[in-house]
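Undergrad: First the structure, which I've put down as structure tokens, then a few questions once you've had a look.
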Amino acid sequence: MGETIKGVPVTEAQIVGWAAEAEGGYDVTALKKRGRGRPGRGANPSQVVAVRFTAEELEQIDERAAMEHVTRSALIREKVLA
């Protein structure tokens, strides 16, 4: 059973090409410009905080977020910081 990417088999030629590219080195400046990851919310990195909700609570949060046309995270931030 071979490796796949999004269901498409990876060929030996691809692996050889990727290895050659890696061995040749990467332009770090170009990689940093690609904008990897989620966009920042401020000048400093954000910290993830785990909070537990029951299925019923999440359903209520999602319904409220949909009514207010905001994301679940935005709604929670708004209510916590209110």
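Labeling convention for the structure tokens: chains A, B, ... as they appear, residues from 1 per chain, ligands from 1 in order of appearance.
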DSSP on the backbone: which residues in stretch 20-81 of chain A end up as alpha helix (DSSP H)? Give the answer as a compact mmCIF listing (two decimals) with N, CA, C and O atoms, in the first residue's frame.

TA:
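The resulting file, out34.txt, is reproduced below:
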```txt
# COMPACT_ATOMS: atom_id res chain seq x y z
N ALA A 20 15.62 15.99 -3.89
CA ALA A 20 16.60 16.86 -4.54
C ALA A 20 16.36 18.32 -4.16
O ALA A 20 17.30 19.07 -3.89
N GLU A 21 15.10 18.72 -4.12
CA GLU A 21 14.76 20.09 -3.74
C GLU A 21 15.20 20.37 -2.31
O GLU A 21 15.80 21.42 -2.03
N ALA A 22 14.95 19.44 -1.41
CA ALA A 22 15.33 19.61 0.00
C ALA A 22 16.84 19.65 0.16
O ALA A 22 17.38 20.48 0.90
N GLU A 23 17.54 18.79 -0.55
CA GLU A 23 18.99 18.76 -0.46
C GLU A 23 19.61 20.03 -1.03
O GLU A 23 20.67 20.45 -0.60
N GLY A 24 18.95 20.65 -2.01
CA GLY A 24 19.44 21.88 -2.60
C GLY A 24 19.25 23.07 -1.67
O GLY A 24 19.86 24.12 -1.86
N VAL A 28 14.70 30.63 2.78
CA VAL A 28 13.94 30.86 4.01
C VAL A 28 13.11 32.13 3.91
O VAL A 28 11.97 32.18 4.35
N THR A 29 13.66 33.17 3.31
CA THR A 29 12.93 34.44 3.15
C THR A 29 11.65 34.23 2.35
O THR A 29 10.59 34.73 2.71
N ALA A 30 11.73 33.47 1.29
CA ALA A 30 10.56 33.21 0.46
C ALA A 30 9.53 32.38 1.23
O ALA A 30 8.33 32.63 1.11
N LEU A 31 9.99 31.42 2.01
CA LEU A 31 9.06 30.60 2.78
C LEU A 31 8.32 31.44 3.82
O LEU A 31 7.13 31.25 4.05
N LYS A 32 9.02 32.37 4.45
CA LYS A 32 8.39 33.21 5.46
C LYS A 32 7.36 34.14 4.86
O LYS A 32 6.40 34.52 5.52
N LYS A 33 7.50 34.51 3.60
CA LYS A 33 6.56 35.41 2.94
C LYS A 33 5.27 34.71 2.53
O LYS A 33 4.31 35.37 2.16
N ALA A 55 -22.21 19.06 24.41
CA ALA A 55 -22.77 19.12 23.07
C ALA A 55 -23.93 20.12 23.01
O ALA A 55 -24.06 20.88 22.04
N GLU A 56 -24.72 20.15 24.05
CA GLU A 56 -25.86 21.07 24.10
C GLU A 56 -25.38 22.53 24.16
O GLU A 56 -25.94 23.40 23.51
N GLU A 57 -24.33 22.77 24.96
CA GLU A 57 -23.78 24.13 25.04
C GLU A 57 -23.22 24.58 23.70
O GLU A 57 -23.45 25.71 23.26
N LEU A 58 -22.49 23.69 23.03
CA LEU A 58 -21.94 24.03 21.72
C LEU A 58 -23.04 24.32 20.71
O LEU A 58 -22.91 25.22 19.88
N GLU A 59 -24.12 23.57 20.78
CA GLU A 59 -25.25 23.81 19.88
C GLU A 59 -25.82 25.21 20.10
O GLU A 59 -26.07 25.95 19.15
N GLN A 60 -25.97 25.59 21.36
CA GLN A 60 -26.47 26.93 21.69
C GLN A 60 -25.49 28.01 21.22
O GLN A 60 -25.90 29.04 20.68
N ILE A 61 -24.21 27.78 21.44
CA ILE A 61 -23.19 28.75 21.01
C ILE A 61 -23.23 28.90 19.50
O ILE A 61 -23.20 30.02 18.97
N ASP A 62 -23.28 27.79 18.78
CA ASP A 62 -23.30 27.83 17.31
C ASP A 62 -24.56 28.52 16.78
O ASP A 62 -24.49 29.28 15.81
N GLU A 63 -25.69 28.27 17.42
CA GLU A 63 -26.94 28.94 17.00
C GLU A 63 -26.82 30.45 17.20
O GLU A 63 -27.19 31.23 16.32
N ARG A 64 -26.30 30.85 18.35
CA ARG A 64 -26.14 32.29 18.64
C ARG A 64 -25.15 32.92 17.68
O ARG A 64 -25.36 34.02 17.18
N ALA A 65 -24.04 32.24 17.42
CA ALA A 65 -23.03 32.75 16.49
C ALA A 65 -23.63 32.93 15.10
O ALA A 65 -23.37 33.94 14.43
N ALA A 66 -24.43 31.97 14.66
CA ALA A 66 -25.07 32.08 13.34
C ALA A 66 -26.03 33.26 13.30
O ALA A 66 -26.07 34.01 12.31
N MET A 67 -26.79 33.46 14.37
CA MET A 67 -27.73 34.59 14.43
C MET A 67 -26.99 35.92 14.36
O MET A 67 -27.47 36.88 13.77
N GLU A 68 -25.82 35.98 15.00
CA GLU A 68 -25.05 37.22 15.05
C GLU A 68 -24.05 37.35 13.89
O GLU A 68 -23.30 38.31 13.81
N ARG A 72 -17.79 31.02 16.02
CA ARG A 72 -17.90 30.51 17.38
C ARG A 72 -16.84 31.17 18.27
O ARG A 72 -17.13 31.64 19.37
N SER A 73 -15.60 31.22 17.78
CA SER A 73 -14.51 31.82 18.57
C SER A 73 -14.77 33.28 18.86
O SER A 73 -14.53 33.74 19.98
N ALA A 74 -15.23 34.03 17.86
CA ALA A 74 -15.50 35.46 18.05
C ALA A 74 -16.58 35.66 19.10
O ALA A 74 -16.49 36.55 19.94
N LEU A 75 -17.61 34.84 19.06
CA LEU A 75 -18.69 34.96 20.03
C LEU A 75 -18.18 34.68 21.45
O LEU A 75 -18.47 35.43 22.38
N ILE A 76 -17.41 33.63 21.60
CA ILE A 76 -16.87 33.28 22.92
C ILE A 76 -15.97 34.39 23.43
O ILE A 76 -16.07 34.81 24.59
N ARG A 77 -15.07 34.91 22.57
CA ARG A 77 -14.18 36.02 22.98
C ARG A 77 -15.01 37.22 23.43
O ARG A 77 -14.73 37.83 24.46
N GLU A 78 -16.05 37.53 22.65
CA GLU A 78 -16.89 38.70 22.98
C GLU A 78 -17.53 38.53 24.35
O GLU A 78 -17.53 39.45 25.16
N LYS A 79 -18.05 37.35 24.62
CA LYS A 79 -18.76 37.12 25.89
C LYS A 79 -17.79 37.06 27.07
O LYS A 79 -18.10 37.55 28.15
N VAL A 80 -16.62 36.49 26.87
CA VAL A 80 -15.65 36.38 27.96
C VAL A 80 -15.10 37.76 28.31
O VAL A 80 -14.89 38.08 29.48
N LEU A 81 -14.88 38.60 27.31
CA LEU A 81 -14.28 39.90 27.54
C LEU A 81 -15.30 41.00 27.83
O LEU A 81 -14.91 42.14 28.06
```

Undergrad: Step one, run DSSP on the backbone; step two, keep only residues of chain A assigned to strand (DSSP E or B); then write them as number ranges by chain.

TA: A: 4-5, 8-9
